[in-house]
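Here is the file run.cif (mmCIF, C-alpha atoms).
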data_work
#
loop_
_atom_site.label_atom_id
_atom_site.label_comp_id
_atom_site.auth_asym_id
_atom_site.auth_seq_id
_atom_site.Cartn_x
_atom_site.Cartn_y
_atom_site.Cartn_z
CA MET N 1 105.15 38.46 98.30
CA ALA N 2 104.32 41.00 100.99
CA PHE N 3 104.30 44.73 100.36
CA THR N 4 106.42 46.94 102.56
CA MET N 5 105.05 50.12 104.13
CA THR N 6 106.91 52.19 101.52
CA GLU N 7 105.30 50.23 98.70
CA HIS N 8 101.83 50.70 100.23
CA LEU N 9 102.47 54.42 100.51
CA PHE N 10 103.67 54.58 96.90
CA VAL N 11 100.54 52.76 95.64
CA PHE N 12 98.32 55.06 97.70
CA LEU N 13 99.99 58.22 96.38
CA LEU N 14 99.89 56.94 92.80
CA SER N 15 96.17 56.12 93.15
CA PHE N 16 95.48 59.50 94.77
CA ALA N 17 97.25 61.33 91.96
CA TYR N 18 95.33 59.37 89.32
CA PHE N 19 91.90 59.93 90.88
CA SER N 20 92.51 63.58 91.68
CA GLN N 21 93.29 64.24 88.00
CA HIS N 22 90.27 62.28 86.80
CA THR N 23 87.72 63.56 89.31
CA GLN N 24 86.25 66.77 87.94
CA GLY N 25 86.40 69.67 90.37
CA PHE N 26 88.46 67.83 92.98
CA THR N 27 91.17 69.75 94.79
CA LEU N 28 92.94 68.96 98.01
CA PHE N 29 92.32 72.49 99.30
CA LYS N 30 89.19 74.57 98.70
CA THR N 31 89.57 77.50 96.30
CA TYR N 32 88.13 80.86 97.34
CA HIS N 33 87.44 83.99 95.29
CA VAL N 34 87.20 87.36 97.02
CA TYR N 35 85.76 90.42 95.28
CA ILE N 36 85.93 94.01 96.52
CA SER N 37 83.59 96.38 94.73
CA ASN N 38 83.46 100.17 94.78
CA GLY N 39 79.77 100.86 95.41
CA LEU N 40 80.30 104.49 96.38
CA PRO N 41 78.14 107.28 94.91
CA VAL N 42 78.65 108.41 91.31
CA ASN N 43 81.34 111.13 90.95
CA SER N 44 82.99 110.06 94.22
CA GLN N 45 86.72 110.01 94.76
CA ASN N 46 88.36 106.67 93.97
CA LEU N 47 88.31 103.95 96.60
CA GLN N 48 91.90 103.16 97.55
CA ILE N 49 92.59 99.66 98.84
CA HIS N 50 95.64 97.75 99.99
CA VAL N 51 95.13 93.97 100.23
CA PHE N 52 97.60 91.70 101.98
CA SER N 53 98.07 88.55 104.05
CA GLY N 54 100.96 87.19 106.08
CA ASP N 55 102.35 85.61 102.91
CA ASN N 56 101.12 87.80 100.04
CA ASP N 57 100.91 91.50 99.31
CA LEU N 58 98.38 92.01 96.54
CA GLY N 59 99.27 95.68 96.29
CA TYR N 60 97.53 99.04 96.27
CA HIS N 61 94.58 99.63 93.96
CA ASN N 62 92.50 102.70 93.09
CA LEU N 63 88.99 101.59 92.20
CA THR N 64 86.62 103.88 90.33
CA VAL N 65 82.88 103.68 91.03
CA ASP N 66 81.56 100.19 90.14
CA GLU N 67 85.07 98.83 89.58
CA ILE N 68 85.98 95.48 91.18
CA PHE N 69 89.27 94.04 92.43
CA SER N 70 89.39 90.26 92.89
CA TRP N 71 91.76 87.42 93.62
CA GLU N 72 91.63 83.69 94.25
CA PHE N 73 93.56 81.41 96.57
CA GLU N 74 93.39 78.10 98.38
CA MET N 75 92.88 77.87 102.14
CA ASN N 76 96.08 76.61 103.75
CA LEU N 77 96.43 73.25 105.49
CA PHE N 78 95.94 74.77 108.96
CA GLN N 79 92.76 76.64 107.90
CA ASN N 80 94.21 79.95 109.14
CA THR N 81 94.52 81.89 105.88
CA LYS N 82 93.73 85.59 106.47
CA PHE N 83 93.56 88.49 104.05
CA TYR N 84 93.28 92.06 105.27
CA SER N 85 92.41 95.22 103.44
CA HIS N 86 93.02 98.85 104.28
CA PHE N 87 90.37 101.07 102.66
CA SER N 88 90.68 104.80 102.11
CA TRP N 89 88.07 107.17 100.64
CA GLY N 90 88.47 110.92 100.98
CA ASP N 91 88.72 111.69 104.71
CA LYS N 92 87.57 108.21 105.72
CA GLU N 93 89.43 104.93 106.19
CA ARG N 94 89.07 101.46 107.65
CA SER N 95 91.13 98.27 107.98
CA PHE N 96 89.75 94.79 108.66
CA ALA N 97 89.99 91.13 107.64
CA VAL N 98 88.17 90.52 104.36
CA PHE N 99 88.81 86.77 104.61
CA ASP N 100 89.55 84.40 107.49
CA LYS N 101 88.24 81.12 108.92
CA HIS N 102 85.19 82.91 110.35
CA ILE N 103 84.23 84.53 107.04
CA ALA N 104 84.89 81.40 104.92
CA PRO N 105 81.68 79.53 105.90
CA LYS N 106 79.62 82.58 104.88
CA CYS N 107 80.93 82.44 101.33
CA GLY N 108 79.02 80.55 98.64
CA HIS N 109 78.92 76.77 98.47
CA TYR N 110 79.96 75.85 94.94
CA ASP N 111 83.09 74.39 93.32
CA PHE N 112 84.91 77.39 94.72
CA ASP N 113 83.54 79.67 97.38
CA THR N 114 83.03 83.34 96.64
CA CYS N 115 82.94 86.34 98.97
CA PHE N 116 81.78 89.79 97.88
CA TRP N 117 82.66 92.99 99.75
CA ILE N 118 80.94 96.20 98.66
CA ALA N 119 82.20 99.57 99.92
CA LYS N 120 79.32 102.04 100.21
CA GLU N 121 78.98 105.54 101.57
CA ASP N 122 77.81 104.28 104.98
CA GLY N 123 80.15 101.29 105.34
CA PHE N 124 81.11 97.84 104.10
CA TYR N 125 78.68 95.14 103.08
CA PHE N 126 79.26 91.41 102.67
CA ALA N 127 77.48 88.87 100.46
CA GLY N 128 78.32 85.25 99.75
CA MET N 129 77.95 83.74 96.28
CA ASP N 130 74.52 82.39 97.13
CA THR N 131 73.28 85.78 98.36
CA ARG N 132 71.99 88.55 96.12
CA HIS N 133 73.83 91.85 96.42
CA GLU N 134 70.59 93.52 97.50
CA ASP N 135 70.63 91.22 100.54
CA ALA N 136 74.22 92.05 101.49
CA GLN N 137 74.68 92.68 105.19
CA LYS N 138 76.51 95.64 106.66
CA MET N 139 79.59 94.27 108.41
CA ASN N 140 81.76 97.33 109.06
CA TRP N 141 81.76 101.11 108.88
CA TRP N 142 84.03 103.99 107.94
CA VAL N 143 86.04 106.01 110.48
CA ASN N 144 87.41 109.51 109.94
CA LYS N 145 91.13 109.80 109.33
CA THR N 146 93.05 111.51 112.07
CA THR N 147 95.26 114.46 111.18
CA MET N 148 98.84 114.49 112.31
#

Please render this file's structure as structure tokens.
Amino acid sequence: MAFTMTEHLFVFLLSFAYFSQHTQGFTLFKTYHVYISNGLPVNSQNLQIHVFSGDNDLGYHNLTVDEIFSWEFEMNLFQNTKFYSHFSWGDKERSFAVFDKHIAPKCGHYDFDTCFWIAKEDGFYFAGMDTRHEDAQKMNWWVNKTTM
């Protein structure tokens, strides 16, 4: 008895489902964690952030000094997932991508990759999971808000 193409596909999908449930740590898409930390000086105004992508709005958050906002997600099939953040602190602001296909390889290399962003008085620093925070690299800077 010969199997039809549909039957081969069914057996493949059934096998895939079985092994994906029984293989520890296996996922079809890689999971990422992104952390944004308020590393501004003690007694500073709160760091205001708005995090969003083309599909998700993670909202507005007011972070006190040393407070962290984080989220996790899976990279999409086309590897073009992007998250942006608008930062505001006193008379300074900045907007940029906090995750995209160029940042992803710089994140840690574990079961799920982790990216850390630290807002400091002189700008924004990035560290992957396998990098100590002391070794974080400056990736962006503040700009002064314009008055209208």

* **Polymer residues at most 7 Å from Ser88 in chain N, all atoms listed in the file, same-chain spacing of 6 or more positions, as a count of residues only** => 4

* Could you spell out the hits of the PyMOL selection byres ((chain N and resi 104) around 12) on the shown file, as JSON, numbers by chain? -> {"N": [30, 31, 32, 33, 34, 74, 75, 79, 80, 81, 82, 83, 97, 98, 99, 100, 101, 102, 103, 105, 106, 107, 108, 109, 112, 113, 114, 115, 116, 126, 127, 128, 129]}

* CA of Val143 in chain N to CA of Ser44 in chain N: how many Å, to one decimal? ->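 It comes out at 17.0 Å.
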
* Asked: Mind pulling up the distance from CA of Ser70 in chain N to CA of Gln45 in chain N?
  -> 20.0 Å

Could you tell me, as a tab-separated table (two decimals) with C-alpha atoms, in the coordinates of the input, exactly which residues end up selected when the PyMOL selection byres ((chain N and resi 67) around 9) is applied to this structure?
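Final output, selection.tsv:
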chain	number	residue	atom	x	y	z
N	36	ILE	CA	85.93	94.01	96.52
N	37	SER	CA	83.59	96.38	94.73
N	38	ASN	CA	83.46	100.17	94.78
N	39	GLY	CA	79.77	100.86	95.41
N	63	LEU	CA	88.99	101.59	92.20
N	64	THR	CA	86.62	103.88	90.33
N	65	VAL	CA	82.88	103.68	91.03
N	66	ASP	CA	81.56	100.19	90.14
N	68	ILE	CA	85.98	95.48	91.18
N	69	PHE	CA	89.27	94.04	92.43

* May I ask for the distance between CA of Asn144 in chain N and CA of Gly54 in chain N, given in Å to one decimal place? => 26.4 Å

* Asked: Of the candidates N:Ser85, N:Leu58, N:Trp142, N:Phe73, which shows the shortest atom-to-atom distance to Trp117 in chain N, using only C-alpha atoms?
  -> N:Ser85

* Selected residue, from N:Trp89, N:Tyr35, N:Phe78, N:Phe96, that lies nearest to Asp122 in chain N when counting only C-alpha atoms ->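 Of the candidates, the smallest distance to Asp122 in chain N is held by N:Trp89.
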
* Which of these, N:Phe124, N:Ala119, N:Ser95, N:Asn140, has the shortest distance to Phe52 in chain N once you count only C-alpha atoms? ->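 Once distances to Phe52 in chain N are computed over only C-alpha atoms, the minimum belongs to N:Ser95.
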
* Counting only C-alpha atoms, which of N:Asn76, N:Ala136, N:Lys120, N:Tyr125 gets nearest to Asn46 in chain N? -> N:Lys120

* Closest of N:Leu77, N:His86, N:Lys138, N:Pro41 to His61 in chain N - atom-to-atom distances counting all atoms listed in the file -> N:His86
